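Pasting model-v2.txt here (compact mmCIF, N, CA and C atoms):
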# COMPACT_ATOMS: atom_id res chain seq x y z
N MET A 1205 -9.02 -86.51 14.22
CA MET A 1205 -8.71 -85.46 13.28
C MET A 1205 -8.47 -86.10 11.91
N PRO A 1206 -9.04 -85.53 10.86
CA PRO A 1206 -8.87 -86.12 9.52
C PRO A 1206 -7.41 -86.10 9.06
N GLN A 1207 -7.06 -87.07 8.23
CA GLN A 1207 -5.73 -87.12 7.63
C GLN A 1207 -5.82 -86.73 6.17
N TYR A 1208 -4.76 -86.09 5.69
CA TYR A 1208 -4.70 -85.65 4.30
C TYR A 1208 -3.42 -86.15 3.65
N LYS A 1209 -3.58 -86.69 2.45
CA LYS A 1209 -2.43 -87.11 1.65
C LYS A 1209 -2.05 -85.92 0.79
N TYR A 1210 -0.75 -85.63 0.72
CA TYR A 1210 -0.34 -84.44 -0.02
C TYR A 1210 0.89 -84.73 -0.87
N SER A 1211 1.08 -83.86 -1.85
CA SER A 1211 2.34 -83.80 -2.59
C SER A 1211 2.72 -82.33 -2.66
N ALA A 1212 4.02 -82.08 -2.53
CA ALA A 1212 4.51 -80.70 -2.47
C ALA A 1212 5.92 -80.65 -3.05
N LEU A 1213 6.40 -79.42 -3.23
CA LEU A 1213 7.77 -79.20 -3.69
C LEU A 1213 8.58 -78.67 -2.52
N SER A 1214 9.74 -79.31 -2.29
CA SER A 1214 10.62 -78.85 -1.21
C SER A 1214 11.37 -77.61 -1.67
N ARG A 1215 12.12 -77.02 -0.77
CA ARG A 1215 12.87 -75.78 -1.07
C ARG A 1215 13.90 -75.99 -2.19
N ASP A 1216 14.40 -77.22 -2.30
CA ASP A 1216 15.37 -77.50 -3.36
C ASP A 1216 14.72 -78.01 -4.65
N GLY A 1217 13.38 -77.97 -4.72
CA GLY A 1217 12.66 -78.31 -5.94
C GLY A 1217 12.27 -79.76 -6.10
N LYS A 1218 12.54 -80.59 -5.10
CA LYS A 1218 12.19 -82.01 -5.19
C LYS A 1218 10.74 -82.22 -4.78
N LYS A 1219 10.08 -83.15 -5.50
CA LYS A 1219 8.70 -83.48 -5.19
C LYS A 1219 8.67 -84.44 -4.00
N VAL A 1220 7.85 -84.11 -3.00
CA VAL A 1220 7.71 -84.94 -1.81
C VAL A 1220 6.23 -85.23 -1.61
N SER A 1221 5.95 -86.32 -0.88
CA SER A 1221 4.56 -86.64 -0.56
C SER A 1221 4.52 -87.24 0.83
N GLY A 1222 3.32 -87.23 1.41
CA GLY A 1222 3.17 -87.78 2.74
C GLY A 1222 1.76 -87.61 3.26
N LEU A 1223 1.59 -87.88 4.56
CA LEU A 1223 0.32 -87.74 5.25
C LEU A 1223 0.46 -86.70 6.35
N ILE A 1224 -0.60 -85.93 6.57
CA ILE A 1224 -0.60 -84.94 7.63
C ILE A 1224 -2.01 -84.85 8.19
N GLU A 1225 -2.12 -84.56 9.49
CA GLU A 1225 -3.43 -84.38 10.11
C GLU A 1225 -3.76 -82.89 10.16
N GLY A 1226 -5.05 -82.58 10.02
CA GLY A 1226 -5.51 -81.20 10.12
C GLY A 1226 -6.97 -81.17 10.45
N PHE A 1227 -7.42 -80.06 11.04
CA PHE A 1227 -8.83 -79.92 11.37
C PHE A 1227 -9.68 -79.90 10.11
N ASN A 1228 -9.11 -79.31 9.05
CA ASN A 1228 -9.77 -79.27 7.75
C ASN A 1228 -8.68 -79.15 6.69
N GLU A 1229 -9.08 -79.05 5.44
CA GLU A 1229 -8.10 -79.00 4.35
C GLU A 1229 -7.22 -77.76 4.43
N LEU A 1230 -7.80 -76.62 4.82
CA LEU A 1230 -7.01 -75.39 4.94
C LEU A 1230 -5.96 -75.49 6.04
N ASP A 1231 -6.34 -76.09 7.16
CA ASP A 1231 -5.39 -76.27 8.26
C ASP A 1231 -4.25 -77.18 7.83
N ALA A 1232 -4.58 -78.27 7.14
CA ALA A 1232 -3.55 -79.20 6.67
C ALA A 1232 -2.62 -78.50 5.66
N ALA A 1233 -3.19 -77.71 4.76
CA ALA A 1233 -2.39 -76.99 3.77
C ALA A 1233 -1.45 -76.00 4.44
N ALA A 1234 -1.93 -75.34 5.49
CA ALA A 1234 -1.08 -74.39 6.22
C ALA A 1234 0.09 -75.11 6.88
N LYS A 1235 -0.16 -76.28 7.43
CA LYS A 1235 0.92 -77.05 8.05
C LYS A 1235 1.94 -77.50 7.01
N ILE A 1236 1.46 -77.87 5.83
CA ILE A 1236 2.37 -78.30 4.76
C ILE A 1236 3.21 -77.12 4.30
N LYS A 1237 2.58 -75.94 4.18
CA LYS A 1237 3.30 -74.73 3.73
C LYS A 1237 4.42 -74.35 4.70
N GLU A 1238 4.28 -74.72 5.98
CA GLU A 1238 5.35 -74.44 6.94
C GLU A 1238 6.59 -75.28 6.64
N MET A 1239 6.40 -76.46 6.02
CA MET A 1239 7.51 -77.36 5.75
C MET A 1239 8.05 -77.24 4.32
N TYR A 1240 7.16 -76.95 3.37
CA TYR A 1240 7.54 -76.94 1.96
C TYR A 1240 7.07 -75.66 1.30
N THR A 1241 7.71 -75.30 0.18
CA THR A 1241 7.37 -74.05 -0.49
C THR A 1241 6.06 -74.09 -1.25
N ILE A 1242 5.81 -75.15 -1.98
CA ILE A 1242 4.61 -75.21 -2.83
C ILE A 1242 3.83 -76.50 -2.55
N VAL A 1243 2.53 -76.34 -2.32
CA VAL A 1243 1.64 -77.49 -2.17
C VAL A 1243 1.05 -77.80 -3.54
N LEU A 1244 1.33 -78.99 -4.06
CA LEU A 1244 0.83 -79.36 -5.38
C LEU A 1244 -0.57 -79.96 -5.32
N GLN A 1245 -0.78 -80.84 -4.34
CA GLN A 1245 -2.06 -81.54 -4.26
C GLN A 1245 -2.31 -81.93 -2.81
N ILE A 1246 -3.60 -81.90 -2.42
CA ILE A 1246 -3.98 -82.33 -1.09
C ILE A 1246 -5.35 -82.99 -1.18
N ASN A 1247 -5.49 -84.19 -0.59
CA ASN A 1247 -6.75 -84.94 -0.61
C ASN A 1247 -6.97 -85.58 0.75
N GLU A 1248 -8.21 -85.52 1.21
CA GLU A 1248 -8.54 -86.16 2.48
C GLU A 1248 -8.51 -87.67 2.31
N VAL A 1249 -7.91 -88.36 3.27
CA VAL A 1249 -7.86 -89.81 3.27
C VAL A 1249 -9.19 -90.30 3.81
N LYS A 1250 -9.88 -91.10 3.03
CA LYS A 1250 -11.18 -91.62 3.44
C LYS A 1250 -11.00 -92.66 4.52
N GLU A 1251 -12.05 -92.83 5.34
CA GLU A 1251 -12.00 -93.83 6.40
C GLU A 1251 -11.91 -95.23 5.83
N LYS A 1252 -11.55 -96.17 6.70
CA LYS A 1252 -11.44 -97.56 6.30
C LYS A 1252 -12.77 -98.06 5.74
N ASN A 1253 -12.68 -99.12 4.98
CA ASN A 1253 -13.92 -99.68 4.46
C ASN A 1253 -14.74 -100.29 5.60
N LYS A 1254 -15.99 -100.56 5.34
CA LYS A 1254 -16.91 -101.02 6.39
C LYS A 1254 -16.48 -102.35 7.00
N ILE A 1255 -15.94 -103.25 6.21
CA ILE A 1255 -15.52 -104.55 6.75
C ILE A 1255 -14.36 -104.38 7.70
N ALA A 1256 -13.38 -103.57 7.33
CA ALA A 1256 -12.23 -103.36 8.21
C ALA A 1256 -12.64 -102.67 9.50
N SER A 1257 -13.55 -101.69 9.43
CA SER A 1257 -13.98 -101.02 10.65
C SER A 1257 -14.81 -101.95 11.53
N PHE A 1258 -15.57 -102.87 10.92
CA PHE A 1258 -16.33 -103.84 11.69
C PHE A 1258 -15.40 -104.79 12.43
N LEU A 1259 -14.32 -105.22 11.77
CA LEU A 1259 -13.40 -106.16 12.39
C LEU A 1259 -12.61 -105.53 13.54
N THR A 1260 -12.42 -104.22 13.52
CA THR A 1260 -11.65 -103.56 14.58
C THR A 1260 -12.55 -102.88 15.60
N ALA A 1261 -13.86 -103.00 15.48
CA ALA A 1261 -14.79 -102.33 16.38
C ALA A 1261 -14.81 -103.01 17.75
N ASP A 1262 -15.11 -102.21 18.77
CA ASP A 1262 -15.29 -102.74 20.12
C ASP A 1262 -16.66 -103.39 20.22
N VAL A 1263 -16.74 -104.47 20.94
CA VAL A 1263 -18.02 -105.13 21.18
C VAL A 1263 -18.68 -104.43 22.36
N GLY A 1264 -19.97 -104.19 22.27
CA GLY A 1264 -20.67 -103.60 23.40
C GLY A 1264 -21.27 -102.24 23.11
N GLY A 1265 -21.07 -101.70 21.95
CA GLY A 1265 -21.70 -100.43 21.61
C GLY A 1265 -20.88 -99.23 22.00
N ASN A 1266 -21.50 -98.05 21.84
CA ASN A 1266 -20.80 -96.79 22.06
C ASN A 1266 -21.16 -96.13 23.39
N LYS A 1267 -21.84 -96.84 24.26
CA LYS A 1267 -22.26 -96.23 25.51
C LYS A 1267 -21.08 -96.08 26.46
N LEU A 1268 -21.05 -94.96 27.15
CA LEU A 1268 -20.03 -94.73 28.17
C LEU A 1268 -20.53 -95.24 29.51
N ASP A 1269 -19.60 -95.70 30.30
CA ASP A 1269 -19.92 -96.11 31.66
C ASP A 1269 -20.14 -94.84 32.48
N GLY A 1270 -21.32 -94.72 33.07
CA GLY A 1270 -21.66 -93.52 33.84
C GLY A 1270 -20.73 -93.27 35.01
N LYS A 1271 -20.32 -94.33 35.69
CA LYS A 1271 -19.40 -94.18 36.83
C LYS A 1271 -18.04 -93.68 36.37
N ALA A 1272 -17.54 -94.22 35.25
CA ALA A 1272 -16.24 -93.80 34.72
C ALA A 1272 -16.30 -92.33 34.29
N PHE A 1273 -17.41 -91.93 33.69
CA PHE A 1273 -17.56 -90.55 33.25
C PHE A 1273 -17.61 -89.61 34.47
N MET A 1274 -18.34 -90.01 35.52
CA MET A 1274 -18.43 -89.19 36.72
C MET A 1274 -17.05 -89.07 37.39
N LEU A 1275 -16.31 -90.15 37.45
CA LEU A 1275 -14.97 -90.12 38.01
C LEU A 1275 -14.07 -89.20 37.20
N MET A 1276 -14.18 -89.27 35.87
CA MET A 1276 -13.38 -88.40 35.01
C MET A 1276 -13.69 -86.93 35.29
N CYS A 1277 -14.96 -86.60 35.46
CA CYS A 1277 -15.35 -85.20 35.73
C CYS A 1277 -14.77 -84.73 37.06
N ARG A 1278 -14.81 -85.58 38.07
CA ARG A 1278 -14.23 -85.21 39.38
C ARG A 1278 -12.73 -85.00 39.26
N GLN A 1279 -12.05 -85.92 38.58
CA GLN A 1279 -10.60 -85.78 38.40
C GLN A 1279 -10.26 -84.52 37.63
N PHE A 1280 -11.03 -84.25 36.61
CA PHE A 1280 -10.82 -83.07 35.79
C PHE A 1280 -10.91 -81.80 36.66
N SER A 1281 -11.93 -81.74 37.49
CA SER A 1281 -12.13 -80.60 38.37
C SER A 1281 -10.96 -80.40 39.33
N VAL A 1282 -10.54 -81.47 39.98
CA VAL A 1282 -9.46 -81.39 40.97
C VAL A 1282 -8.15 -80.96 40.31
N ILE A 1283 -7.81 -81.57 39.18
CA ILE A 1283 -6.54 -81.27 38.52
C ILE A 1283 -6.53 -79.85 37.97
N LEU A 1284 -7.64 -79.39 37.39
CA LEU A 1284 -7.70 -78.02 36.89
C LEU A 1284 -7.58 -77.00 38.02
N LYS A 1285 -8.24 -77.28 39.16
CA LYS A 1285 -8.14 -76.37 40.31
C LYS A 1285 -6.71 -76.29 40.84
N ALA A 1286 -5.91 -77.32 40.60
CA ALA A 1286 -4.51 -77.31 41.02
C ALA A 1286 -3.64 -76.47 40.09
N GLY A 1287 -4.22 -75.98 38.98
CA GLY A 1287 -3.49 -75.10 38.08
C GLY A 1287 -2.79 -75.78 36.93
N VAL A 1288 -3.09 -77.04 36.69
CA VAL A 1288 -2.49 -77.78 35.58
C VAL A 1288 -3.18 -77.35 34.28
N PRO A 1289 -2.43 -77.10 33.19
CA PRO A 1289 -3.04 -76.71 31.92
C PRO A 1289 -4.03 -77.78 31.42
N ILE A 1290 -5.01 -77.34 30.64
CA ILE A 1290 -6.07 -78.23 30.16
C ILE A 1290 -5.52 -79.41 29.37
N ARG A 1291 -4.62 -79.15 28.45
CA ARG A 1291 -4.07 -80.22 27.61
C ARG A 1291 -3.43 -81.29 28.48
N ARG A 1292 -2.63 -80.88 29.44
CA ARG A 1292 -1.94 -81.83 30.33
C ARG A 1292 -2.96 -82.57 31.22
N THR A 1293 -3.99 -81.86 31.66
CA THR A 1293 -5.04 -82.47 32.48
C THR A 1293 -5.70 -83.61 31.72
N VAL A 1294 -6.07 -83.36 30.47
CA VAL A 1294 -6.73 -84.39 29.66
C VAL A 1294 -5.78 -85.58 29.47
N GLU A 1295 -4.50 -85.31 29.21
CA GLU A 1295 -3.53 -86.40 29.03
C GLU A 1295 -3.39 -87.23 30.30
N LEU A 1296 -3.29 -86.57 31.46
CA LEU A 1296 -3.15 -87.29 32.73
C LEU A 1296 -4.34 -88.20 32.99
N ILE A 1297 -5.53 -87.68 32.78
CA ILE A 1297 -6.74 -88.48 33.02
C ILE A 1297 -6.83 -89.63 32.02
N ALA A 1298 -6.50 -89.37 30.76
CA ALA A 1298 -6.54 -90.43 29.74
C ALA A 1298 -5.57 -91.55 30.08
N ASP A 1299 -4.38 -91.20 30.57
CA ASP A 1299 -3.38 -92.22 30.91
C ASP A 1299 -3.86 -93.16 32.02
N LYS A 1300 -4.66 -92.65 32.94
CA LYS A 1300 -5.12 -93.44 34.08
C LYS A 1300 -6.50 -94.06 33.87
N MET A 1301 -7.15 -93.75 32.78
CA MET A 1301 -8.51 -94.21 32.52
C MET A 1301 -8.51 -95.70 32.18
N THR A 1302 -9.37 -96.47 32.84
CA THR A 1302 -9.48 -97.90 32.55
C THR A 1302 -10.60 -98.19 31.55
N ASP A 1303 -11.56 -97.28 31.41
CA ASP A 1303 -12.66 -97.42 30.46
C ASP A 1303 -12.12 -97.12 29.05
N LYS A 1304 -12.02 -98.14 28.20
CA LYS A 1304 -11.37 -97.99 26.89
C LYS A 1304 -12.03 -96.96 25.97
N PRO A 1305 -13.36 -96.97 25.81
CA PRO A 1305 -13.96 -95.96 24.93
C PRO A 1305 -13.69 -94.53 25.42
N LEU A 1306 -13.80 -94.32 26.72
CA LEU A 1306 -13.55 -92.98 27.28
C LEU A 1306 -12.08 -92.61 27.13
N ARG A 1307 -11.20 -93.58 27.29
CA ARG A 1307 -9.77 -93.32 27.13
C ARG A 1307 -9.46 -92.86 25.70
N ARG A 1308 -10.04 -93.57 24.71
CA ARG A 1308 -9.81 -93.19 23.30
C ARG A 1308 -10.32 -91.77 23.02
N ILE A 1309 -11.49 -91.45 23.56
CA ILE A 1309 -12.04 -90.11 23.38
C ILE A 1309 -11.10 -89.07 23.98
N LEU A 1310 -10.65 -89.31 25.19
CA LEU A 1310 -9.77 -88.36 25.87
C LEU A 1310 -8.43 -88.21 25.15
N GLU A 1311 -7.90 -89.29 24.61
CA GLU A 1311 -6.65 -89.21 23.86
C GLU A 1311 -6.82 -88.34 22.62
N GLN A 1312 -7.94 -88.49 21.92
CA GLN A 1312 -8.19 -87.66 20.74
C GLN A 1312 -8.44 -86.21 21.13
N VAL A 1313 -9.16 -85.99 22.22
CA VAL A 1313 -9.40 -84.63 22.71
C VAL A 1313 -8.06 -83.97 23.05
N ALA A 1314 -7.15 -84.71 23.68
CA ALA A 1314 -5.83 -84.16 24.02
C ALA A 1314 -5.07 -83.75 22.76
N LYS A 1315 -5.14 -84.59 21.71
CA LYS A 1315 -4.48 -84.23 20.44
C LYS A 1315 -5.09 -82.97 19.84
N ASP A 1316 -6.42 -82.88 19.87
CA ASP A 1316 -7.10 -81.71 19.31
C ASP A 1316 -6.74 -80.45 20.07
N VAL A 1317 -6.74 -80.53 21.39
CA VAL A 1317 -6.41 -79.36 22.22
C VAL A 1317 -4.95 -78.97 21.99
N ASP A 1318 -4.07 -79.97 21.87
CA ASP A 1318 -2.67 -79.69 21.58
C ASP A 1318 -2.51 -79.02 20.22
N GLY A 1319 -3.41 -79.33 19.29
CA GLY A 1319 -3.37 -78.73 17.96
C GLY A 1319 -4.00 -77.35 17.89
N GLY A 1320 -4.53 -76.85 19.02
CA GLY A 1320 -5.06 -75.50 19.04
C GLY A 1320 -6.57 -75.38 19.13
N ARG A 1321 -7.26 -76.49 19.10
CA ARG A 1321 -8.72 -76.47 19.18
C ARG A 1321 -9.14 -76.32 20.64
N SER A 1322 -10.26 -75.67 20.87
CA SER A 1322 -10.75 -75.51 22.25
C SER A 1322 -11.26 -76.85 22.77
N LEU A 1323 -11.31 -76.98 24.09
CA LEU A 1323 -11.80 -78.20 24.71
C LEU A 1323 -13.25 -78.45 24.31
N ALA A 1324 -14.07 -77.41 24.32
CA ALA A 1324 -15.48 -77.55 23.97
C ALA A 1324 -15.65 -77.99 22.52
N ALA A 1325 -14.90 -77.38 21.61
CA ALA A 1325 -15.01 -77.72 20.19
C ALA A 1325 -14.53 -79.15 19.94
N SER A 1326 -13.50 -79.57 20.66
CA SER A 1326 -12.99 -80.92 20.50
C SER A 1326 -14.00 -81.96 20.97
N GLY A 1327 -14.69 -81.68 22.06
CA GLY A 1327 -15.68 -82.60 22.59
C GLY A 1327 -16.91 -82.74 21.74
N ARG A 1328 -17.17 -81.75 20.86
CA ARG A 1328 -18.36 -81.77 20.01
C ARG A 1328 -18.11 -82.39 18.65
N GLN A 1329 -16.98 -83.03 18.46
CA GLN A 1329 -16.67 -83.66 17.18
C GLN A 1329 -17.66 -84.78 16.90
N PRO A 1330 -18.01 -85.00 15.64
CA PRO A 1330 -18.92 -86.11 15.29
C PRO A 1330 -18.32 -87.44 15.74
N GLY A 1331 -19.15 -88.30 16.29
CA GLY A 1331 -18.70 -89.60 16.74
C GLY A 1331 -18.20 -89.62 18.16
N ARG A 1332 -18.13 -88.44 18.80
CA ARG A 1332 -17.69 -88.39 20.19
C ARG A 1332 -18.90 -88.14 21.06
N ILE A 1333 -18.87 -88.73 22.22
CA ILE A 1333 -20.01 -88.64 23.10
C ILE A 1333 -19.87 -87.48 24.07
N VAL A 1334 -18.65 -87.11 24.39
CA VAL A 1334 -18.40 -86.09 25.41
C VAL A 1334 -18.85 -84.74 24.92
In structure tokens, what does this structure look like?
Amino acid sequence: MPQYKYSALSRDGKKVSGLIEGFNELDAAAKIKEMYTIVLQINEVKEKNKIASFLTADVGGNKLDGKAFMLMCRQFSVILKAGVPIRRTVELIADKMTDKPLRRILEQVAKDVDGGRSLAASGRQPGRIV
């Protein structure tokens, strides 16, 4: 989920600033308005530079392990049939996942679903394979 840097006025008139996550700029502004009376400025925080992202990248590419993905689908089915909410199901599977790329995807999907986004919409985010 994108991060936004903001400045706002608190209820007592003091200028505050910080970072907040939102699906888009309007969502981030709405979250800020819940905490402060006036939003003065909001800007999306750009991703890290290419060198920093290269240094923190996983070696081996973006391919998912087919067996890990199949296991995740089976676990998802069993846990959902047991009546566990979707958000909690994704968190449970992510906690037990040994495949690091799939774990990161599931952790982000859990955050998105917790933030109100549908499971399908969260899985279709750019850069995600699921």
Taking only C-alpha atoms into account, name the residue in A:Asp1318, A:Pro1206, A:Asn1228, A:Arg1307 that is nearest to A:Arg1292.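 Closest residue, counting only C-alpha atoms: A:Asp1318.
The shortest atom-to-atom distance to A:Gly1217, with all atoms listed in the file taken into account, belongs to A:Thr1241 out of A:Lys1250, A:Thr1302, A:Gly1287, A:Thr1241.
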Check stretch 1233-1323 of chain A with DSSP on the backbone and list each residue it calls strand (DSSP E or B), as a VMD selection string. chain A and resid 1242 to 1248
Hey, what does DSSP flag as alpha helix (DSSP H) within chain A? Can you give it to me as a ChimeraX atom specification? /A:1229-1239,1254-1259,1270-1285,1290-1300,1304-1318,1323-1327
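Minimum distance to A:Lys1237 across A:Arg1215, A:Ile1297, A:Asp1316, A:Leu1268 (counting only C-alpha atoms) occurs at A:Arg1215.
Around A:Asp1303, within 10 Å and counting only C-alpha atoms, the residues found are Leu1268, Asp1269, Lys1271, Ala1272 and Phe1273 of chain A, once anything fewer than 6 positions away on its own chain is removed.
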Saved selection, atoms kept: N, CA and C atoms, as a tab-separated table (two decimals), in the frame of the given file:
chain	number	residue	atom	x	y	z
A	1268	LEU	N	-21.05	-94.96	27.15
A	1268	LEU	CA	-20.03	-94.73	28.17
A	1268	LEU	C	-20.53	-95.24	29.51
A	1269	ASP	N	-19.60	-95.70	30.30
A	1269	ASP	CA	-19.92	-96.11	31.66
A	1269	ASP	C	-20.14	-94.84	32.48
A	1271	LYS	N	-20.32	-94.33	35.69
A	1271	LYS	CA	-19.40	-94.18	36.83
A	1271	LYS	C	-18.04	-93.68	36.37
A	1272	ALA	N	-17.54	-94.22	35.25
A	1272	ALA	CA	-16.24	-93.80	34.72
A	1272	ALA	C	-16.30	-92.33	34.29
A	1273	PHE	N	-17.41	-91.93	33.69
A	1273	PHE	CA	-17.56	-90.55	33.25
A	1273	PHE	C	-17.61	-89.61	34.47
For atom C of A:Lys1315 and atom CA of A:Gly1226, determine how far apart the two atoms are, in Å to one decimal place.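 Interatomic distance here is 9.9 Å.
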State, in Å with one decimal place, the distance from atom N of A:Ile1242 to atom CA of A:Asp1216.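 Atom CA of A:Asp1216 lies 9.9 Å from atom N of A:Ile1242.
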